[in-house]
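Asks: Take a look at this one; I'll ask things after.
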Amino acid sequence: MEARLSTAAGPTEPVGPASVAELLARGRTLCTPPLRAAVARLAPPMDAVAAYHFGWTDVDGKPVAGDGGKAVRPALALLSAQAAGASAQAGVAGGVAVELVHNFSLLHDDLMDGDETRRHRATAWTVFGPAQAILVGDALATLGTEVLLDAGLNGEATAADAARAVRLLTTATRKLIDGQAQDLSFEHRDVVTVEECLEMEGNKTGALLAAASAIGAVLAGADDRTADALERYGHHLGLAFQAVDDLLGIWGATEVTGKPHWGDLRQRKKSLPVAAALADGGAASRRLAELLADPQGRGEETEEVLAGRAALIEQAGGRSWTQDEARRQHKTALAALDEVPMSGEVREHFVALAEFVVVRER
């Protein structure tokens with residue numbers, strides 16, 4: 001997949017094959033200017049805090065060429081518009097809105113988890129304080145709704161389709177918050193089942209990726225059958241994405257992921273590898289359960305202790321089970337695409353993004 005992808009592909013314009021890098025770059029190219037414009041609506045100092053969080057500026061407010069994230073969600077929003085027979089441009093408002101909500105969740109997650117680094121630099125709450133991180137996160141979530149309603153007012157979408165998109169996004173946001181609440185509660189439980197973990201991750205990660213995968217199509221006027229199928233693709237893609245994220249949260253290299261080493265283990269998160277290992281019932285599983293139930297040293301474990309826990313998870317089959325689960329969810333996501341009468345080229349792009357999600361190191 002080497003050919004360049006047009007950023008203005010319309011309903012009658014052929015869409016050539018593209019690399020994932022080009023799909024992600026298109027999402028950033030089309031969505032970043034309106035994303036910056038939306039953030040600029042915020043009152044000082046929230047606009048400056050948001051710009052820092054997005055990687056556009058340094059702590060002094062000077063422009064930098066920072067790492068703004070993978071931009072998977074904007075790329076999916078643009079593709080979903082094309083799946084409905086519209087141009088990629090028709091999905092821009094959806095891509096911006098989803099990215100705003102996604103970053104609301106990141107700002108709050110970093111604070112709740114106590115994470116001090118993201119994308120290889122200090123998190124916003126450590127630089128500007130917890131209060132600013134909370135306020136800016138709330139503001140970004142609100143801006144997402146504004147952007148969609150604006151699309152219905154300025155003719156980018158019909159008022160009815162903009163309202164459908166708002167419903168899609170706000171429902172996904174509620175589920176995302178439900179998932180975060182579940183995730184926090186799991187940290188104080190000795191055992192969490194695999195089923196409970198999958199439900200939590202379906203809310204925390206799957207819901208917003210599902211919205212991203214359908215919101216462009218909704219703005220373009222797609223029928224419910226098409227939107228529902230694209231949502232299912234995104235939901236299962238989100239579960240695959242989170243399964244990989246859970247693996248990286250334990251075994252990922254900090255210099256690649258930009259996240260703290262052993263971060264998930266240090267917080268005793270009941271992620272999929274942990275839940276699967278605890279369900280195994282063998283000697284390594286029982287020992288892991290004992291260690292997680294022991295309140296001594298919580299949050300103060302040494303690198304050696306955390307490495308030992310990672311080894312127990314692997315011995316109990318948690319790592320291999322999660323790898324297999326990522327593949328299962330990936331396969332289910334692709335099956336949902338068969339229900340959407342899109343062009344072969346657009347389907348190929350969805351497949352390429354799904355492959356990128358399950359084969360990554362960050």
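Chain labels run A, B, ... following the order of the structure tokens; each chain numbers its residues from 1, and ligands are numbered from 1 in the order shown.
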Once DSSP has gone over the backbone, tell me which residues of stretch 66-228 of chain A are in strand (DSSP E), as a list in words.
Replies: Thr117, Arg118, Arg121 and Ala122 of chain A
Asks: With only C-alpha atoms as the basis for distance, which of A:Leu24, A:Leu140, A:Glu290, A:Ile215 is at the shortest distance from A:Arg167?
Replies: A:Ile215
Asks: Using only C-alpha atoms, determine which residues lie at most 12 Å from stretch 87-91 of chain A, disregarding the query and same-chain residues fewer than 4 positions distant; provide the list as a VMD selection string.
Replies: chain A and resid 5 to 15 23 26 to 27 29 to 31 34 73 to 83 95 to 98 147 to 148 151 to 152 155 to 158 161 to 162 165 211 to 222 346
Asks: Could you write out the selected residues, including C-alpha atoms, as a compact mmCIF listing (two decimals), in the first residue's frame?
Replies:
```txt
# COMPACT_ATOMS: atom_id res chain seq x y z
CA LEU A 5 -4.12 9.25 -0.70
CA SER A 6 -6.00 12.34 -1.80
CA THR A 7 -7.27 14.46 1.10
CA ALA A 8 -10.26 15.59 -0.92
CA ALA A 9 -11.63 12.28 -2.17
CA GLY A 10 -15.29 12.76 -3.00
CA PRO A 11 -18.13 10.30 -3.51
CA THR A 12 -17.30 9.79 -7.20
CA GLU A 13 -13.54 10.19 -6.88
CA PRO A 14 -11.53 6.93 -6.66
CA VAL A 15 -9.62 6.45 -3.43
CA LEU A 23 -4.11 7.80 6.60
CA ARG A 26 -4.50 12.92 6.49
CA GLY A 27 -6.42 12.85 9.75
CA THR A 29 -3.85 17.53 8.25
CA LEU A 30 -7.61 17.92 7.96
CA CYS A 31 -8.52 17.88 11.65
CA PRO A 34 -10.23 23.13 13.25
CA ARG A 73 -9.67 8.43 15.85
CA PRO A 74 -9.66 11.34 13.36
CA ALA A 75 -8.48 8.93 10.66
CA LEU A 76 -11.42 6.63 11.40
CA ALA A 77 -13.90 9.52 11.36
CA LEU A 78 -12.76 10.56 7.89
CA LEU A 79 -12.92 6.99 6.61
CA SER A 80 -16.41 6.49 7.99
CA ALA A 81 -17.65 9.46 5.96
CA GLN A 82 -16.19 7.85 2.85
CA ALA A 83 -17.82 4.53 3.77
CA GLY A 95 -12.86 13.69 13.92
CA VAL A 96 -12.29 16.94 15.81
CA ALA A 97 -15.11 16.24 18.29
CA VAL A 98 -13.89 12.73 19.07
CA VAL A 147 -18.12 21.44 17.20
CA LEU A 148 -20.81 18.96 16.14
CA ALA A 151 -21.50 21.51 11.77
CA GLY A 152 -25.30 21.46 11.69
CA GLY A 155 -24.06 23.48 6.51
CA GLU A 156 -21.35 20.83 6.97
CA ALA A 157 -24.17 18.47 7.98
CA THR A 158 -27.93 18.68 8.30
CA ASP A 161 -27.52 14.47 11.33
CA ALA A 162 -25.57 16.80 13.62
CA ALA A 165 -23.75 12.76 15.92
CA ALA A 211 -18.07 6.56 17.91
CA ALA A 212 -15.05 7.59 15.83
CA SER A 213 -15.71 4.77 13.37
CA ALA A 214 -19.31 5.82 12.78
CA ILE A 215 -19.49 9.57 13.40
CA GLY A 216 -18.34 10.63 9.93
CA ALA A 217 -20.95 8.37 8.36
CA VAL A 218 -23.65 9.79 10.65
CA LEU A 219 -22.71 13.37 9.70
CA ALA A 220 -22.87 12.31 6.05
CA GLY A 221 -26.43 11.02 6.49
CA ALA A 222 -25.79 7.27 6.58
CA VAL A 346 -12.14 2.28 1.64
```
Asks: Report the residues of stretch 89-294 of chain A whose backbone DSSP state falls under helix (DSSP H, G or I), written as a short mmCIF file (atom, residue, chain, number, x, y, z; two decimals) with C-alpha atoms, in the first residue's frame.
Replies:
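Contents of out.cif, freshly written:
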```cif
data_model
loop_
_atom_site.label_atom_id
_atom_site.label_comp_id
_atom_site.auth_asym_id
_atom_site.auth_seq_id
_atom_site.Cartn_x
_atom_site.Cartn_y
_atom_site.Cartn_z
CA GLN A 89 -14.06 16.36 4.52
CA ALA A 90 -17.60 15.45 5.64
CA GLY A 91 -16.11 13.62 8.62
CA VAL A 92 -13.82 16.41 9.84
CA ALA A 93 -16.17 17.79 12.49
CA GLY A 94 -16.60 14.27 13.83
CA GLY A 95 -12.86 13.69 13.92
CA VAL A 96 -12.29 16.94 15.81
CA ALA A 97 -15.11 16.24 18.29
CA VAL A 98 -13.89 12.73 19.07
CA GLU A 99 -10.31 13.95 19.48
CA LEU A 100 -11.47 16.59 21.94
CA VAL A 101 -13.30 14.01 24.05
CA HIS A 102 -10.36 11.61 23.84
CA ASN A 103 -8.02 14.26 25.21
CA PHE A 104 -10.48 15.17 27.94
CA SER A 105 -10.16 11.57 29.08
CA LEU A 106 -6.36 11.62 28.88
CA LEU A 107 -6.08 14.76 31.01
CA HIS A 108 -8.29 13.26 33.70
CA ASP A 109 -6.75 9.78 33.47
CA ASP A 110 -3.23 11.12 33.96
CA LEU A 111 -4.32 12.90 37.12
CA MET A 112 -6.35 10.00 38.53
CA ASP A 113 -3.59 7.50 37.78
CA ALA A 124 -0.25 18.70 32.14
CA TRP A 125 -1.34 18.26 35.75
CA THR A 126 2.27 18.08 36.95
CA VAL A 127 3.10 21.32 35.12
CA PHE A 128 -0.03 23.42 35.62
CA PRO A 130 -4.51 19.31 39.15
CA ALA A 131 -7.19 22.03 39.11
CA GLN A 132 -6.22 23.26 35.65
CA ALA A 133 -6.07 19.69 34.30
CA ILE A 134 -9.61 19.04 35.52
CA LEU A 135 -10.97 22.31 34.13
CA VAL A 136 -9.32 21.91 30.74
CA GLY A 137 -10.51 18.32 30.48
CA ASP A 138 -14.09 19.40 31.20
CA ALA A 139 -13.79 22.21 28.66
CA LEU A 140 -12.53 19.88 25.91
CA ALA A 141 -15.45 17.51 26.40
CA THR A 142 -17.88 20.43 26.09
CA LEU A 143 -16.12 21.73 22.98
CA GLY A 144 -16.70 18.37 21.29
CA THR A 145 -20.45 18.89 21.45
CA GLU A 146 -20.09 22.49 20.27
CA VAL A 147 -18.12 21.44 17.20
CA LEU A 148 -20.81 18.96 16.14
CA LEU A 149 -23.64 21.43 16.66
CA ASP A 150 -21.70 24.01 14.65
CA ALA A 151 -21.50 21.51 11.77
CA GLY A 152 -25.30 21.46 11.69
CA LEU A 153 -25.49 25.25 11.75
CA ALA A 159 -29.24 19.73 11.70
CA ALA A 160 -30.77 16.27 12.13
CA ASP A 161 -27.52 14.47 11.33
CA ALA A 162 -25.57 16.80 13.62
CA ALA A 163 -28.01 15.94 16.41
CA ARG A 164 -27.51 12.22 15.70
CA ALA A 165 -23.75 12.76 15.92
CA VAL A 166 -24.11 14.58 19.25
CA ARG A 167 -26.15 11.68 20.61
CA LEU A 168 -23.50 9.23 19.41
CA LEU A 169 -20.68 11.20 21.02
CA THR A 170 -22.38 11.96 24.33
CA THR A 171 -23.41 8.32 24.76
CA ALA A 172 -19.84 7.24 24.07
CA THR A 173 -18.56 9.82 26.58
CA ARG A 174 -20.88 8.49 29.27
CA LYS A 175 -19.69 4.95 28.62
CA LEU A 176 -16.07 6.12 28.67
CA ILE A 177 -16.62 7.65 32.12
CA ASP A 178 -18.38 4.47 33.27
CA GLY A 179 -15.34 2.51 32.15
CA GLN A 180 -12.94 4.78 33.99
CA ALA A 181 -15.00 4.43 37.18
CA GLN A 182 -14.95 0.64 36.79
CA ASP A 183 -11.19 0.70 36.20
CA LEU A 184 -10.59 2.72 39.37
CA SER A 185 -12.79 0.42 41.44
CA PHE A 186 -10.89 -2.63 40.20
CA VAL A 194 -11.98 -11.52 32.55
CA GLU A 195 -15.62 -10.78 31.71
CA GLU A 196 -15.67 -7.76 34.02
CA CYS A 197 -12.40 -6.53 32.55
CA LEU A 198 -13.72 -6.82 28.99
CA GLU A 199 -16.88 -4.91 29.95
CA MET A 200 -14.79 -2.15 31.51
CA GLU A 201 -12.48 -1.91 28.50
CA GLY A 202 -15.42 -1.96 26.11
CA ASN A 203 -16.66 1.15 27.89
CA LYS A 204 -13.35 2.90 28.55
CA THR A 205 -11.78 2.39 25.12
CA GLY A 206 -14.24 0.64 22.81
CA ALA A 207 -17.03 3.21 23.13
CA LEU A 208 -15.04 6.17 21.80
CA LEU A 209 -13.40 4.20 19.00
CA ALA A 210 -16.87 2.96 18.07
CA ALA A 211 -18.07 6.56 17.91
CA ALA A 212 -15.05 7.59 15.83
CA SER A 213 -15.71 4.77 13.37
CA ALA A 214 -19.31 5.82 12.78
CA ILE A 215 -19.49 9.57 13.40
CA GLY A 216 -18.34 10.63 9.93
CA ALA A 217 -20.95 8.37 8.36
CA VAL A 218 -23.65 9.79 10.65
CA LEU A 219 -22.71 13.37 9.70
CA ASP A 224 -28.77 3.33 11.00
CA ARG A 225 -27.74 -0.06 9.60
CA THR A 226 -24.51 1.36 8.18
CA ALA A 227 -23.76 3.40 11.29
CA ASP A 228 -24.42 0.44 13.59
CA ALA A 229 -22.09 -1.84 11.62
CA LEU A 230 -19.32 0.76 11.69
CA GLU A 231 -19.87 1.19 15.42
CA ARG A 232 -19.44 -2.55 15.94
CA TYR A 233 -16.20 -2.43 13.95
CA GLY A 234 -14.94 0.36 16.18
CA HIS A 235 -16.09 -1.30 19.40
CA HIS A 236 -14.19 -4.51 18.70
CA LEU A 237 -11.25 -2.56 17.35
CA GLY A 238 -11.25 -0.68 20.66
CA LEU A 239 -11.11 -3.96 22.58
CA ALA A 240 -8.20 -5.10 20.41
CA PHE A 241 -6.51 -1.72 20.91
CA GLN A 242 -6.92 -1.91 24.69
CA ALA A 243 -5.66 -5.50 24.83
CA VAL A 244 -2.48 -4.35 23.12
CA ASP A 245 -2.33 -1.31 25.41
CA ASP A 246 -2.58 -3.62 28.42
CA LEU A 247 0.36 -5.63 27.13
CA LEU A 248 2.38 -2.45 26.61
CA GLY A 249 1.37 -1.25 30.08
CA ILE A 250 3.35 -4.17 31.50
CA TRP A 251 5.95 -5.12 28.93
CA THR A 254 9.23 3.44 28.31
CA GLU A 255 11.48 4.98 25.66
CA VAL A 256 8.99 3.79 23.02
CA THR A 257 5.62 4.17 24.76
CA GLY A 263 3.05 1.77 35.39
CA ASP A 264 0.05 -0.57 35.35
CA LEU A 265 1.69 -3.00 37.78
CA ARG A 266 2.70 -0.22 40.15
CA LEU A 272 -6.59 -8.14 30.84
CA PRO A 273 -3.23 -9.92 31.34
CA VAL A 274 -3.70 -9.74 35.11
CA ALA A 275 -7.33 -10.89 35.00
CA ALA A 276 -6.46 -13.77 32.68
CA ALA A 277 -3.53 -14.79 34.87
CA LEU A 278 -5.68 -14.73 38.02
CA ALA A 279 -8.26 -16.94 36.28
CA ASP A 280 -5.65 -19.60 35.48
CA ALA A 283 0.78 -22.01 41.14
CA ALA A 284 1.89 -18.77 39.46
CA SER A 285 -1.71 -17.54 39.44
CA ARG A 286 -2.15 -18.23 43.16
CA ARG A 287 1.13 -16.52 44.03
CA LEU A 288 0.16 -13.48 41.97
CA ALA A 289 -3.19 -13.30 43.78
CA GLU A 290 -1.41 -13.38 47.15
CA LEU A 291 0.91 -10.53 46.17
CA LEU A 292 -1.89 -8.35 44.80
CA ALA A 293 -3.95 -8.88 47.96
#
```
Asks: One decimal, Å: what's the distance from atom CA of A:Val191 over to atom CA of A:Gly281, could you say?
Replies: 11.9 Å
Asks: I'd like the interatomic distance between atom CA of A:Val357 and atom CA of A:Arg119, to a tenth of an Å.
Replies: 17.4 Å
Asks: Using only C-alpha atoms, find the one residue out of A:Glu304, A:Ala40, A:Met342, A:Arg189 that sits nearest to A:Lys269.
Replies: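 Once distances to A:Lys269 are computed over only C-alpha atoms, the minimum belongs to A:Arg189.
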Asks: I'd like the neighbourhood of A:Asp58 as an NGL selection string, where a residue qualifies if any of its atoms comes within 12 Å (using only C-alpha atoms), though same-chain residues fewer than 2 positions away should be ignored.
Replies: :A and (48-56 or 60-67 or 121-124 or 127-128)
Asks: Figure out the distance between atom CA of A:Asp190 and atom CA of A:Asp294, please, to one decimal in Å.
Replies: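 Atom CA of A:Asp190 lies at a distance of 9.0 Å from atom CA of A:Asp294.
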